[in-house]
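Student: I'd like to ask some things about the structure below.
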Amino acid sequence: MMHNLLFYYLLFVGLVAAENGRQAWLRYAPLPRGHSTPTLPSTILALNSSASSPVYTAGQELQKGIQGIFGKRLSVHATGKQASSAVVGTASQFQKLFGSNPVKDELIEDGFWLNVKGGTVQILGQNERGALYGAFEYLSMLAQGNFSNVEYATNPAAPIRWVNSWDNMDGSIERGFAGKSVFFAGGHVASNLTRVSEYARLLSSIRINAVVVNNVNANFTTVNAENIAGVARIADVFRPYGIQLGLSLDFATPMKLGNLSTYDPLDSEVIAYWNAVTQQIYDHIFDFAGYLVKADSEGTPGPLVYNRTLADGANLFARALQPFGGIVMYRAFVYNQLPDEGDWKADRANAAVDYFQPLDGQFDDNVIIQIKYGPIDFQVREPASPLFANLPNTSTAIELQVAQEYLGQQCHLVYLPPLWRTILDFDLRVDNQSSLVRNVVTGERFKRPLGGSAAVVNVGLNDTWLGSHLAMSNLYAYGRLAWDWTSDSEEILQDWTRLTFGLDKTVVDTITQMSMASWPAYENYSGNLGEQTLTDILYTHFGPNPQTLDNTPWGQWTRADHTGIGMDRTVSTGTGFSGQYPPEVAAMYEDVETTPDDLLLWFHHVNYTQKLKSAKTVIQHFYDAHYEGAETAQRFVQMWQSLKGKVDDERFEDVLFRQSFQAGHSIVWRDAVVNFYNNVSGIPDDAGRVGHHPFRIEGENMVLSGYRPYAVTPFEAASNATAIVTTTNSTVGTATAMLDFASGVYDLAVNYFDLYGGNSTYQVFVNSRLIGEWIGNAVDIGKLGHSPSIYLDGHSATRITFPKVSIKRGDTLKIVGEANGVEPAPLDYVAVLPAGVVD
Ligand code: GCU
């Protein structure tokens, strides 16, 4: 009875019941009131009753899903042949019980067959994992109110559909923005693995088949006896979901843990050491997936230390794993720091092909070279890595990042599939034949037995998993695309939205519009024309700081000077990078005329006055794009607000908070980048916007008491290069100004800096009327989760807006800021904005 009451209550409140996001797209929410119901099966027949089997999991999941969506609890059986059962199992289990095999198409590993005829449902996998995928697929249809009769087989594009976690043994996560690790704490495997099991469920529903649980910057203790036993517990949790476990390795483990005097990959003791470690792992985890290796990369040890080749390094592990059927994912992210930007031929982008191409054919069959999508590092726009075209005799996989390291750190909405598709759909024209990157990495183009993809995913203990509800579409879409790279990014997004937020058309349309506009907007206000994300590459990768890209050994150069910008990567006059592509593509990139605008500065050094195909100059395009991008981000706030009442309050408020942050931070980005290039080039903005802010009152121009001006570095992170800070760290400062604006209603936007290590409080008054107050604590309490900063800079710059404030000309604006900790209540400016104006 209680159950029924709860069900009707949920039906009544429908979509607006509070939710924290932990169920993500597997909520199995009741369909909206009045929605039709299909003929449902009357029982569930799951053809394996062992609790560690994916088929058993599938039976449980079907029960849970149907109960959630329709309020009907079906019993689950392992034997018996009732009519109108939903049968789930492998094709061979079905054959054994029923003496026939209804699967009409060919299934390959992990593939499944789904046959829905009203109450008759057959879900048959090639293996147990496939059967579980099929069960999730059927439930996804039901949860979206799709009751069509279907009968089809589906197979994966590639066998490797992995996730890489960059989790450290101490529980921190490299580039993690959503709390601590679900896997590790205090140097050990976590004792409570509940979240791991919930995570495995999400991943299996999107057909991920292995997870490398620890950071590529691996700790050698990962493979000590205690931790092997620990990760075996994780593998036990993964197994019922059809997910295998993999580990990242420290190449120098034989020395650091094994007490050998060398880690030379050709040394017999080293070989014996790795064989023994591998044996030990398989003793604990019989279905261990394999190793992920970051060697000779950003300071990690590797074979080059001993003048051995990268193939020697990879094959060392391949041979240890081969008897057990394991594989090595060997990362291509190998490059050296480059001391001299003045050397016109030096180019980090060349490194991967320089290192790996000569070794093509020397890797064992169970080695896969894992290649980041672009030649540098997960930038907002990169060309496809030319390495995909240079290894015809080697298996490869593409590495993507669901983690938005350079793309707003999950505080900015950036739906990534359209970016990924620019790479995967790119035709490399190897031997003048169609050679789409996706067909290379699936193994199809070069007839390789292995291949696929890995995505870096930074889920943490935060209930939202990624810190942001909307960012979850990237994880969902990654799995869907890894199964079929030709699936439509927008359709995937809409499936995700219906599953996550319900079937309301306005909700689906709005989230679709916002998400599809999000990557172009972010590219517009972060770094366009192939310049890369103009973030701070030295400290963290969040806010703007274009100058850090140049004059550093990291080789992410833009070579911006007074007259021009861009890397000359041509063969004729530059670094020769364009020549790493097959001839047709190389010719396209060699010539400014045939290089697409969005990669112009990646391949060419041009004057700021160079005309684009749009007929705009490079510099005017910078200006216009940054204004356009930031304006789009403002619209996301209104679009999201229009969903009030249609999305439950908890998630509505969470998203609204992030969208408001993004709107403010997009203006920080815009101003920083346009001011920076305006300053270097000395060329004014045709539209007169840059450096001209008629609606702003600069903090340093206010009457200050207990506050003093402060020159911000980098200069472009503050309006007029200057902020104000309290005179000491325990002072209450006041800043006042006369409001010289026509009487009316305005939005008051206050730009301040939210530093890590302090929670300043602020109050805004108009005359004696308190308009608003807040605490600069979003960073300290982890509310936003992005990499924190202890400085006044582009990372900490934040905006808060108080809408619809009535003012009269001559009123007094007063801000009271109280310092706290290291944070001297820093304030940049107040913008007094007429309705609809973006300052
Ligand atoms: C980026 C990232 C590092 C990471 C590295 C890698 O440079 O900032 O945190 O370790 O990539 O992919 O290995």
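Labels used: A, B, ... for chains in the order of the structure tokens, numbers from 1 for residues in each chain, and numbers from 1 for ligands as shown.
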Could you list the protein, DNA and RNA residues that have any atom within 10 Å of ligand 1, counting only C-alpha atoms and all ligand atoms, and write them as an NGL selection string?
Tutor: :A and (166 or 173-176 or 215-218 or 293-295 or 297-298 or 300 or 331-334 or 371-372 or 376-378 or 399-401 or 405-406 or 456 or 537-541 or 554)
Student: For Thr222 (chain A), please output as a list in words all residues within 8 Å (counting only C-alpha atoms; exclusion window: fewer than 5 positions along the same chain).
Tutor: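 The filter keeps Met169, Asn227, Ile228 and Leu249 of chain A.
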Student: From the list A:Gly574, A:Gly758, A:Pro694, A:Gly772, which residue is nearest Pro788 (chain A) when using only C-alpha atoms?
Tutor: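 Closest residue, counting only C-alpha atoms: A:Gly758.
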Student: Kindly indicate which residue among A:Ala157, A:Leu599, A:Leu470, A:Val414 lies nearest to Val440 (chain A), using only C-alpha atoms for the distances.
Tutor: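 Looking at the shortest contact to Val440 (chain A), the residue is A:Ala157.
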Student: What is the CA of Gly821 (chain A)-CA of Val712 (chain A) distance in Å, reported with one decimal?
Tutor: 19.1 Å
Student: Run DSSP on the backbone and tell me which residues of region 536-614 of chain A come out as helix (DSSP H, G or I); list them as an MDAnalysis selection string.
Tutor: chainID A and resid 546:549 577:580 583:590 592:594 597:603
Student: Limited to C-alpha atoms, could you put the picked residues into a file as a compact mmCIF listing (two decimals), in the first residue's frame?
Tutor:
```
# COMPACT_ATOMS: atom_id res chain seq x y z
CA PRO A 546 47.19 34.22 -22.99
CA GLN A 547 50.76 35.27 -22.29
CA THR A 548 51.59 32.03 -20.47
CA LEU A 549 51.44 30.15 -23.77
CA PHE A 577 54.29 19.79 -39.04
CA SER A 578 51.84 20.03 -41.93
CA GLY A 579 54.06 17.57 -43.79
CA GLN A 580 53.24 14.88 -41.24
CA PRO A 583 49.86 14.58 -49.21
CA GLU A 584 46.30 15.79 -49.86
CA VAL A 585 45.83 16.99 -46.30
CA ALA A 586 49.37 18.32 -46.07
CA ALA A 587 48.77 20.41 -49.19
CA MET A 588 45.57 21.84 -47.73
CA TYR A 589 47.26 22.95 -44.51
CA GLU A 590 50.43 24.14 -46.24
CA VAL A 592 46.94 29.84 -46.05
CA GLU A 593 44.26 29.99 -48.72
CA THR A 594 43.08 26.42 -48.25
CA ASP A 597 39.76 29.73 -40.75
CA ASP A 598 39.20 27.80 -37.55
CA LEU A 599 42.73 26.37 -37.80
CA LEU A 600 44.44 29.31 -39.45
CA LEU A 601 46.66 30.25 -36.51
CA TRP A 602 47.44 26.64 -35.79
CA PHE A 603 49.19 26.36 -39.14
```
Student: Determine, using only C-alpha atoms, which residues of region 227-257 of chain A have any atom at most 12 Å from an atom of region 126-146 of chain A, and tabulate each with its shortest atom pair and distance in Å to one decimal place, rows ordered by chain and then rising number, as a Markdown table.
Tutor:
```
| residue | atom | partner | partner_atom | distance |
| --- | --- | --- | --- | --- |
| A:Phe238 | CA | A:Arg129 | CA | 11.5 |
| A:Arg239 | CA | A:Arg129 | CA | 9.5 |
| A:Pro240 | CA | A:Arg129 | CA | 8.7 |
| A:Tyr241 | CA | A:Arg129 | CA | 7.2 |
| A:Gly242 | CA | A:Arg129 | CA | 4.9 |
| A:Ile243 | CA | A:Arg129 | CA | 8.2 |
| A:Gln244 | CA | A:Arg129 | CA | 10.7 |
```
Student: Mind writing the picked residues with N, CA and C atoms as a tab-separated table (two decimals), in the first residue's frame?
Tutor:
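Result file is part-v3.tsv:
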```tsv
chain	number	residue	atom	x	y	z
A	238	PHE	N	33.01	-4.34	-10.24
A	238	PHE	CA	32.79	-4.08	-11.67
A	238	PHE	C	32.17	-5.28	-12.40
A	239	ARG	N	32.58	-6.49	-11.99
A	239	ARG	CA	32.30	-7.69	-12.79
A	239	ARG	C	30.82	-7.90	-13.12
A	240	PRO	N	29.92	-7.76	-12.15
A	240	PRO	CA	28.51	-7.97	-12.50
A	240	PRO	C	27.99	-6.97	-13.54
A	241	TYR	N	28.76	-5.91	-13.78
A	241	TYR	CA	28.35	-4.92	-14.79
A	241	TYR	C	29.11	-5.11	-16.10
A	242	GLY	N	29.86	-6.19	-16.18
A	242	GLY	CA	30.57	-6.46	-17.44
A	242	GLY	C	31.73	-5.53	-17.68
A	243	ILE	N	32.24	-4.94	-16.61
A	243	ILE	CA	33.35	-3.99	-16.75
A	243	ILE	C	34.63	-4.62	-16.22
A	244	GLN	N	35.68	-4.53	-17.02
A	244	GLN	CA	36.98	-5.05	-16.59
A	244	GLN	C	37.82	-3.93	-16.00
```
Student: Could you check which of A:Lys345, A:Tyr335, A:Met329, A:His35 is closest to Ile368 (chain A), using only C-alpha atoms?
Tutor: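 Looking at the shortest contact to Ile368 (chain A), the residue is A:Met329.
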Student: When DSSP is applied to the backbone of this structure, which of region 112-209 of chain A are assigned strand (DSSP E)? Write them out as number ranges by chain.
Tutor: A: 112-117, 120-125, 150-154, 160-167, 184-185, 188-189
Student: For those residues, write C-alpha atoms to a file as a PDB file, in the first residue's frame.
Tutor:
```pdb
ATOM      1  CA  PHE A 112      23.177  -7.813 -28.737  1.00  0.00           C
ATOM      2  CA  TRP A 113      19.848  -8.542 -30.319  1.00  0.00           C
ATOM      3  CA  LEU A 114      16.685  -6.810 -29.160  1.00  0.00           C
ATOM      4  CA  ASN A 115      13.258  -8.043 -30.109  1.00  0.00           C
ATOM      5  CA  VAL A 116      10.274  -6.232 -28.603  1.00  0.00           C
ATOM      6  CA  LYS A 117       6.781  -7.267 -29.601  1.00  0.00           C
ATOM      7  CA  THR A 120       7.248 -10.479 -25.721  1.00  0.00           C
ATOM      8  CA  VAL A 121      10.751  -9.240 -25.219  1.00  0.00           C
ATOM      9  CA  GLN A 122      13.949 -11.032 -26.169  1.00  0.00           C
ATOM     10  CA  ILE A 123      17.277  -9.515 -25.208  1.00  0.00           C
ATOM     11  CA  LEU A 124      20.121 -11.721 -26.319  1.00  0.00           C
ATOM     12  CA  GLY A 125      23.785 -10.861 -26.163  1.00  0.00           C
ATOM     13  CA  VAL A 150      11.597  -3.343 -32.730  1.00  0.00           C
ATOM     14  CA  GLU A 151      13.757  -6.185 -33.830  1.00  0.00           C
ATOM     15  CA  TYR A 152      17.390  -5.544 -34.524  1.00  0.00           C
ATOM     16  CA  ALA A 153      20.977  -6.482 -33.769  1.00  0.00           C
ATOM     17  CA  THR A 154      23.644  -3.987 -32.877  1.00  0.00           C
ATOM     18  CA  ILE A 160      38.065  -1.018 -26.732  1.00  0.00           C
ATOM     19  CA  ARG A 161      35.575   1.344 -25.113  1.00  0.00           C
ATOM     20  CA  TRP A 162      37.450   2.387 -22.033  1.00  0.00           C
ATOM     21  CA  VAL A 163      37.392   5.029 -19.389  1.00  0.00           C
ATOM     22  CA  ASN A 164      40.592   6.356 -17.806  1.00  0.00           C
ATOM     23  CA  SER A 165      40.383   7.694 -14.275  1.00  0.00           C
ATOM     24  CA  TRP A 166      43.157   9.995 -13.167  1.00  0.00           C
ATOM     25  CA  ASP A 167      42.599   9.105  -9.513  1.00  0.00           C
ATOM     26  CA  PHE A 184      40.927   5.435  -3.331  1.00  0.00           C
ATOM     27  CA  ALA A 185      41.505   7.132   0.013  1.00  0.00           C
ATOM     28  CA  HIS A 188      44.571   2.518  -0.212  1.00  0.00           C
ATOM     29  CA  VAL A 189      41.535   1.273  -2.018  1.00  0.00           C
TER      30      VAL A 189
END
```
Student: Env of Asp267 (chain A): 12 Å cut, atoms = only C-alpha atoms, seq-sep filter 6 positions within chain, self excluded. Answer as a PyMOL selection string.
Tutor: chain A and resi 254+260-261+273-274+303+306+308+312-313+316
Student: I want to know what sits within 6 Å of region 177-182 of chain A, based on only C-alpha atoms, with residues of the same chain fewer than 5 positions away left out; could you give that as a list in words?
Tutor: Gly171, Ser172, Gly460, Leu461, Asn462, Leu466, Gly467, Gly785 and His786 of chain A
